[in-house]
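Below is the file input-v4.cif, which contains mmCIF, C-alpha atoms.
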data_my_file
loop_
_atom_site.label_atom_id
_atom_site.label_comp_id
_atom_site.auth_asym_id
_atom_site.auth_seq_id
_atom_site.Cartn_x
_atom_site.Cartn_y
_atom_site.Cartn_z
CA MET A 1 0.00 0.00 0.00
CA PRO A 2 1.42 3.43 -0.88
CA LEU A 3 2.01 5.39 2.30
CA SER A 4 0.16 8.31 0.73
CA ALA A 5 -3.06 6.26 0.82
CA SER A 6 -3.36 6.82 4.56
CA SER A 7 -1.22 8.05 7.42
CA SER A 8 -3.45 6.11 9.85
CA ALA A 9 -1.81 2.81 8.92
CA GLN A 10 1.67 4.39 8.98
CA GLN A 11 1.05 5.96 12.39
CA ALA A 12 -0.10 2.60 13.75
CA ARG A 13 3.09 0.99 12.44
CA GLN A 14 5.18 3.80 13.91
CA ALA A 15 3.50 3.40 17.31
CA LEU A 16 4.37 -0.31 17.30
CA ALA A 17 7.97 0.47 16.29
CA ASP A 18 8.25 3.03 19.11
CA ARG A 19 7.03 0.48 21.68
CA LEU A 20 9.57 -2.08 20.52
CA ALA A 21 12.36 0.50 20.65
CA GLU A 22 11.28 1.44 24.18
CA LEU A 23 11.52 -2.21 25.28
CA GLY A 24 15.09 -2.27 24.01
CA ARG A 25 16.01 0.91 25.88
CA ASP A 26 14.42 -0.36 29.08
CA ALA A 27 16.47 -3.54 28.78
CA GLY A 28 19.66 -1.56 28.09
CA LEU A 29 20.00 -3.11 24.63
CA SER A 30 20.93 -1.43 21.39
CA GLY A 31 19.45 -2.44 18.08
CA ARG A 32 22.65 -4.33 17.29
CA ASP A 33 22.38 -6.18 20.61
CA ILE A 34 18.81 -7.24 19.85
CA ALA A 35 19.78 -8.37 16.36
CA GLU A 36 22.57 -10.49 17.82
CA CYS A 37 20.21 -12.06 20.36
CA CYS A 38 17.69 -12.84 17.62
CA ASP A 39 20.32 -14.02 15.12
CA TRP A 40 19.33 -11.30 12.63
CA HIS A 41 21.33 -9.08 10.33
CA PRO A 42 22.17 -5.92 12.33
CA SER A 43 20.19 -3.68 10.00
CA LYS A 44 16.93 -5.55 10.63
CA SER A 45 16.52 -4.17 14.16
CA SER A 46 17.14 -0.65 12.90
CA ARG A 47 14.55 -1.03 10.15
CA ILE A 48 11.98 -2.33 12.64
CA MET A 49 12.65 0.45 15.17
CA ASN A 50 12.32 3.09 12.46
CA ALA A 51 9.10 1.54 11.04
CA ARG A 52 10.77 0.89 7.70
CA THR A 53 10.09 -2.84 8.05
CA GLN A 54 6.95 -4.21 9.66
CA PRO A 55 7.82 -7.08 12.02
CA SER A 56 6.09 -10.44 11.89
CA ALA A 57 4.46 -11.98 14.95
CA ASP A 58 7.53 -14.23 15.32
CA ASP A 59 9.80 -11.19 15.11
CA ILE A 60 7.89 -9.57 17.97
CA ARG A 61 8.13 -12.70 20.12
CA ALA A 62 11.88 -12.91 19.51
CA TRP A 63 12.30 -9.20 20.29
CA CYS A 64 10.42 -9.54 23.57
CA ARG A 65 12.46 -12.59 24.57
CA ALA A 66 15.67 -10.68 23.89
CA CYS A 67 14.43 -7.80 26.07
CA GLY A 68 13.16 -10.03 28.86
CA ALA A 69 9.61 -8.83 28.24
CA GLU A 70 7.88 -11.94 26.92
CA GLU A 71 4.72 -11.02 28.83
CA GLN A 72 4.23 -8.07 26.46
CA SER A 73 4.48 -10.05 23.23
CA GLU A 74 0.78 -10.86 22.80
CA ASP A 75 -0.26 -7.26 23.39
CA LEU A 76 2.26 -6.08 20.80
CA ILE A 77 1.11 -8.73 18.34
CA ALA A 78 -2.43 -7.43 18.79
CA SER A 79 -1.12 -3.96 17.87
CA LEU A 80 0.47 -5.50 14.78
CA ARG A 81 -2.86 -7.01 13.76
CA THR A 82 -4.54 -3.63 14.20
CA ALA A 83 -2.01 -1.97 11.91
CA GLU A 84 -2.37 -4.74 9.35
CA GLY A 85 -6.16 -4.53 9.50
CA MET A 86 -6.19 -0.90 8.38
CA TRP A 87 -5.27 -2.04 4.90
CA VAL A 88 -6.68 -5.28 3.53
CA GLY A 89 -6.14 -6.43 -0.04
CA TRP A 90 -9.25 -7.73 -1.74
CA ARG A 91 -7.79 -11.23 -2.14
CA ARG A 92 -7.15 -11.49 1.60
CA MET A 93 -10.49 -9.93 2.53
CA GLU A 94 -12.47 -12.20 0.22
CA ARG A 95 -10.47 -15.42 0.47
CA ALA A 96 -13.30 -17.03 2.48
CA GLY A 97 -15.85 -15.84 -0.08
CA LEU A 98 -18.00 -12.80 -0.71
CA LYS A 99 -20.57 -13.84 1.90
CA HIS A 100 -18.00 -13.62 4.68
CA SER A 101 -16.79 -10.17 3.61
CA GLN A 102 -20.39 -8.93 3.58
CA GLU A 103 -21.10 -10.36 7.04
CA ALA A 104 -17.93 -8.83 8.50
CA ARG A 105 -19.32 -5.29 8.09
CA LEU A 106 -22.63 -5.91 9.84
CA PRO A 107 -21.50 -5.00 13.42
CA LEU A 108 -20.19 -1.64 12.14
CA TYR A 109 -23.49 -0.92 10.43
CA GLN A 110 -25.47 -1.87 13.51
CA ARG A 111 -23.61 0.48 15.85
CA THR A 112 -23.50 3.46 13.47
CA ARG A 113 -26.16 6.16 13.71
CA ARG A 114 -25.00 8.57 11.00
CA PHE A 115 -23.92 7.26 7.61
CA ARG A 116 -22.33 9.32 4.86
CA SER A 117 -21.57 7.61 1.56
CA TYR A 118 -20.01 8.94 -1.63
CA SER A 119 -19.75 6.80 -4.75
CA SER A 120 -18.13 7.50 -8.08
CA TRP A 121 -18.26 3.89 -9.34
CA LEU A 122 -21.49 2.11 -8.37
CA VAL A 123 -24.73 2.72 -6.51
CA PRO A 124 -23.88 2.32 -2.79
CA GLY A 125 -24.59 -1.19 -1.52
CA MET A 126 -27.03 0.02 1.12
CA ILE A 127 -29.45 1.25 -1.56
CA GLN A 128 -28.93 -1.36 -4.27
CA THR A 129 -31.70 -3.57 -5.60
CA GLN A 130 -31.25 -7.32 -5.43
CA PRO A 131 -30.69 -7.72 -9.22
CA TYR A 132 -28.15 -4.86 -9.21
CA THR A 133 -26.26 -6.38 -6.25
CA THR A 134 -26.30 -9.77 -7.95
CA ALA A 135 -24.83 -8.31 -11.15
CA ALA A 136 -22.17 -6.38 -9.22
CA LEU A 137 -21.07 -9.32 -7.05
CA GLN A 138 -21.10 -11.74 -9.97
CA ALA A 139 -18.74 -9.41 -11.82
CA ILE A 140 -16.43 -9.27 -8.78
CA GLN A 141 -16.56 -13.04 -8.31
CA ARG A 142 -15.60 -13.70 -11.92
CA ARG A 143 -12.93 -10.99 -12.09
CA ARG A 144 -11.16 -12.11 -8.90
CA GLY A 145 -11.66 -15.84 -9.39
CA LEU A 146 -13.45 -16.29 -6.06
CA VAL A 147 -15.58 -19.17 -4.81
CA ASP A 148 -19.10 -18.77 -6.18
CA ASP A 149 -21.18 -17.86 -3.12
CA VAL A 150 -22.79 -14.87 -4.82
CA ALA A 151 -26.36 -15.88 -3.92
CA ALA A 152 -25.48 -16.12 -0.23
CA ALA A 153 -23.55 -12.83 -0.34
CA VAL A 154 -26.50 -11.08 -1.99
CA ALA A 155 -28.82 -12.38 0.72
CA VAL A 156 -26.52 -10.97 3.43
CA ARG A 157 -26.38 -7.56 1.76
CA MET A 158 -30.15 -7.43 1.36
CA GLU A 159 -30.60 -8.34 5.03
CA ARG A 160 -28.08 -5.68 6.01
CA GLN A 161 -30.24 -3.04 4.34
CA ARG A 162 -32.68 -3.37 7.24
CA VAL A 163 -30.65 -0.73 9.08
CA LEU A 164 -32.22 1.81 6.72
CA TYR A 165 -35.54 1.28 8.46
CA GLU A 166 -34.49 0.44 12.02
CA GLY A 167 -33.46 2.71 14.86
CA ASN A 168 -32.74 6.40 14.84
CA ARG A 169 -30.28 6.39 11.93
CA ARG A 170 -29.58 9.05 9.33
CA PHE A 171 -28.19 8.45 5.85
CA ALA A 172 -26.65 10.84 3.34
CA PHE A 173 -25.83 9.35 -0.06
CA LEU A 174 -23.95 11.16 -2.80
CA VAL A 175 -23.48 9.62 -6.24
CA GLU A 176 -21.86 10.96 -9.35
CA GLU A 177 -24.24 11.37 -12.27
CA SER A 178 -22.03 8.95 -14.20
CA VAL A 179 -23.11 6.22 -11.73
CA LEU A 180 -26.66 6.62 -13.02
CA ARG A 181 -25.48 6.13 -16.59
CA SER A 182 -22.87 3.39 -16.15
CA GLY A 183 -24.74 0.20 -16.94
CA ILE A 184 -24.38 -2.94 -14.87
CA GLY A 185 -26.58 -5.97 -15.38
CA GLY A 186 -28.27 -4.59 -18.47
CA SER A 187 -31.01 -2.06 -19.15
CA GLU A 188 -33.72 -3.82 -17.16
CA VAL A 189 -31.58 -4.11 -14.04
CA MET A 190 -30.43 -0.49 -14.33
CA SER A 191 -33.97 0.77 -14.89
CA GLY A 192 -35.15 -1.02 -11.75
CA GLN A 193 -32.23 0.36 -9.78
CA LEU A 194 -32.86 3.93 -10.86
CA GLY A 195 -36.52 3.63 -9.92
CA HIS A 196 -35.44 2.32 -6.52
CA LEU A 197 -33.27 5.39 -5.97
CA ILE A 198 -36.30 7.62 -6.42
CA SER A 199 -38.18 5.58 -3.80
CA ILE A 200 -35.25 5.60 -1.36
CA ALA A 201 -34.94 9.38 -1.64
CA SER A 202 -38.46 9.73 -0.26
CA LEU A 203 -37.53 8.16 3.10
CA PRO A 204 -37.51 10.80 5.88
CA ASN A 205 -34.12 9.71 7.23
CA VAL A 206 -32.41 9.62 3.82
CA SER A 207 -30.76 12.37 1.77
CA LEU A 208 -29.85 11.48 -1.80
CA GLY A 209 -27.72 13.88 -3.81
CA VAL A 210 -26.50 13.56 -7.38
CA VAL A 211 -23.32 15.38 -8.42
CA PRO A 212 -24.02 16.54 -11.98
CA MET A 213 -21.59 16.04 -14.83
CA GLN A 214 -20.27 19.41 -15.91
CA PRO A 215 -17.13 20.78 -17.58
CA ASP A 216 -16.09 23.30 -14.91
CA ARG A 217 -16.10 21.38 -11.63
CA GLU A 218 -13.84 22.59 -8.83
CA ARG A 219 -14.16 19.41 -6.76
CA TRP A 220 -13.45 16.50 -9.08
CA PRO A 221 -14.60 12.89 -8.49
CA THR A 222 -12.60 10.84 -6.01
CA GLU A 223 -12.53 7.31 -4.70
CA GLY A 224 -15.73 6.03 -3.13
CA PHE A 225 -15.89 6.13 0.66
CA TRP A 226 -18.16 5.69 3.67
CA ILE A 227 -18.05 7.74 6.88
CA TYR A 228 -19.47 6.05 9.97
CA ASP A 229 -20.49 8.64 12.58
CA THR A 230 -17.28 10.60 13.18
CA GLU A 231 -15.21 7.56 14.12
CA GLN A 232 -14.24 5.69 10.97
CA VAL A 233 -13.90 5.95 7.20
CA ASN A 234 -13.74 3.03 4.80
CA VAL A 235 -12.37 3.54 1.31
CA GLU A 236 -12.70 1.07 -1.53
CA LEU A 237 -9.70 1.24 -3.85
CA VAL A 238 -8.78 -0.86 -6.85
CA SER A 239 -6.28 -2.87 -4.82
CA GLY A 240 -7.97 -3.18 -1.45
CA TYR A 241 -10.05 -1.92 1.45
CA LEU A 242 -8.75 0.88 3.64
CA THR A 243 -9.93 1.63 7.18
CA ILE A 244 -9.18 5.10 8.54
CA THR A 245 -9.58 6.03 12.21
CA GLN A 246 -7.08 8.87 12.61
CA PRO A 247 -9.26 11.89 13.58
CA SER A 248 -7.44 14.31 11.27
CA GLU A 249 -7.96 12.00 8.30
CA VAL A 250 -11.59 11.31 9.16
CA ALA A 251 -12.06 15.08 9.23
CA MET A 252 -10.48 15.38 5.75
CA TYR A 253 -13.00 12.93 4.32
CA ALA A 254 -15.82 14.72 6.13
CA GLY A 255 -14.66 17.97 4.55
CA THR A 256 -14.50 16.38 1.10
CA PHE A 257 -18.01 14.98 1.59
CA ALA A 258 -19.28 18.44 2.52
CA GLU A 259 -17.73 19.97 -0.61
CA LEU A 260 -19.24 17.27 -2.82
CA ALA A 261 -22.59 17.71 -1.09
CA GLN A 262 -22.55 21.41 -1.98
CA ALA A 263 -21.97 20.52 -5.63
CA ALA A 264 -24.84 17.98 -5.66
CA VAL A 265 -28.49 18.51 -6.52
CA TYR A 266 -31.38 17.11 -4.53
CA GLY A 267 -35.14 16.65 -4.66
CA ALA A 268 -36.76 17.48 -7.98
CA GLN A 269 -33.41 18.23 -9.64
CA ALA A 270 -31.97 14.88 -8.59
CA ARG A 271 -35.11 13.07 -9.73
CA ALA A 272 -34.83 14.81 -13.11
CA LEU A 273 -31.28 13.48 -13.58
CA ILE A 274 -32.39 9.98 -12.58
CA ALA A 275 -35.37 10.17 -14.95
CA SER A 276 -33.08 11.34 -17.74
CA ALA A 277 -30.82 8.33 -17.17
CA MET A 278 -33.89 6.06 -17.25
CA ASP A 279 -35.02 7.64 -20.54
CA ALA A 280 -31.57 7.02 -22.00
CA LEU A 281 -31.93 3.32 -21.24
CA ALA A 282 -35.10 3.18 -23.30
#
Spit out the file's structure as structure tokens when you get a sec.
Amino acid sequence: MPLSASSSAQQARQALADRLAELGRDAGLSGRDIAECCDWHPSKSSRIMNARTQPSADDIRAWCRACGAEEQSEDLIASLRTAEGMWVGWRRMERAGLKHSQEARLPLYQRTRRFRSYSSWLVPGMIQTQPYTTAALQAIQRRRGLVDDVAAAVAVRMERQRVLYEGNRRFAFLVEESVLRSGIGGSEVMSGQLGHLISIASLPNVSLGVVPMQPDRERWPTEGFWIYDTEQVNVELVSGYLTITQPSEVAMYAGTFAELAQAAVYGAQARALIASAMDALA
């Protein structure tokens, strides 16, 4: 993952490196001493302490043994897993199938009260129709060579949509106009999906904005993302799934969402763009 994708993951790695370096100092050991105890090349300890190399779980156990702090190894390994979990490649995330990756997000959805979603690729999953979801997940399954559990994954996503109607939750969806015109599943599926968007926009707890296509935009399209309350952002990139929890970065995405929301149209204007896309299908 490019470090520019998120400083949250880098800061988590740096925090782990700082804790390991502190163990060495407390034990009166230099990096070279630790490398000798662990039978490593001397530069490896330096790379770990400076967060240039992420240690493995075995590396952490060896480090703690060298420093006489074996009781801290499991806690540090948990920190490693947290840092790793901020960036998950699609292959790793979906290796158990699409159904599992859909189920994994349910606890986050259940505890969130304010959802903000921006999409420049597809209609957000929370407001997809079943045929649209099926077409989207089938395309992913074929492209990534995954086990074919599409039907089960679709069922999980449809069940997850219940949060739209339960509890005191608010939803703000922003989609690029191009999303309305980028076909998936064929004309019939797209027509049904566009009609569903009009229905969803009528819900009292839902705001649906469409960012019009125009030649003089100041805020250009960006990667799709979700903001959950003010605690977490998830970003779907070509190569993987990014989780952001660093407050300054969450605030950056919130600011971007606000700018895109100002550029969007709502109500009758949004319905007119959706209707135009439906007419184009005919």
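The gap separating CA of Arg116 (chain A) from CA of Phe173 (chain A) is 6.0 Å, in Å to one decimal.
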Output of the PyMOL selection byres ((chain A and resi 161) around 10), listed as a PyMOL selection string: chain A and resi 106+109+125-128+156-160+162-166
Residue neighbourhood Val233 (chain A), 9 Å, all atoms listed in the file, exclusion window fewer than 5 positions, as a ChimeraX atom specification: /A:225-228,242-245,249-250,253
Shortest interatomic distance to Thr230 (chain A) - which of A:Leu122, A:Ala263, A:Ala136, A:Phe115, counting all atoms listed in the file: A:Phe115
Among listed residues A:Ala66, A:Val189, A:Ala172, A:Ala261, nearest Arg25 (chain A) (using only C-alpha atoms): A:Ala66
Chain and number of each residue from the PyMOL selection byres ((chain A and resi 199) around 12), as a list in words: Ile127, Gln128, Thr129, Gly192, Gln193, Leu194, Gly195, His196, Leu197, Ile198, Ile200, Ala201, Ser202, Leu203, Pro204, Val206, Ser207, Leu208, Gly267, Arg271 and Ile274 of chain A
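Between CA of Pro221 (chain A) and CA of Leu260 (chain A) the separation is 8.5 Å.
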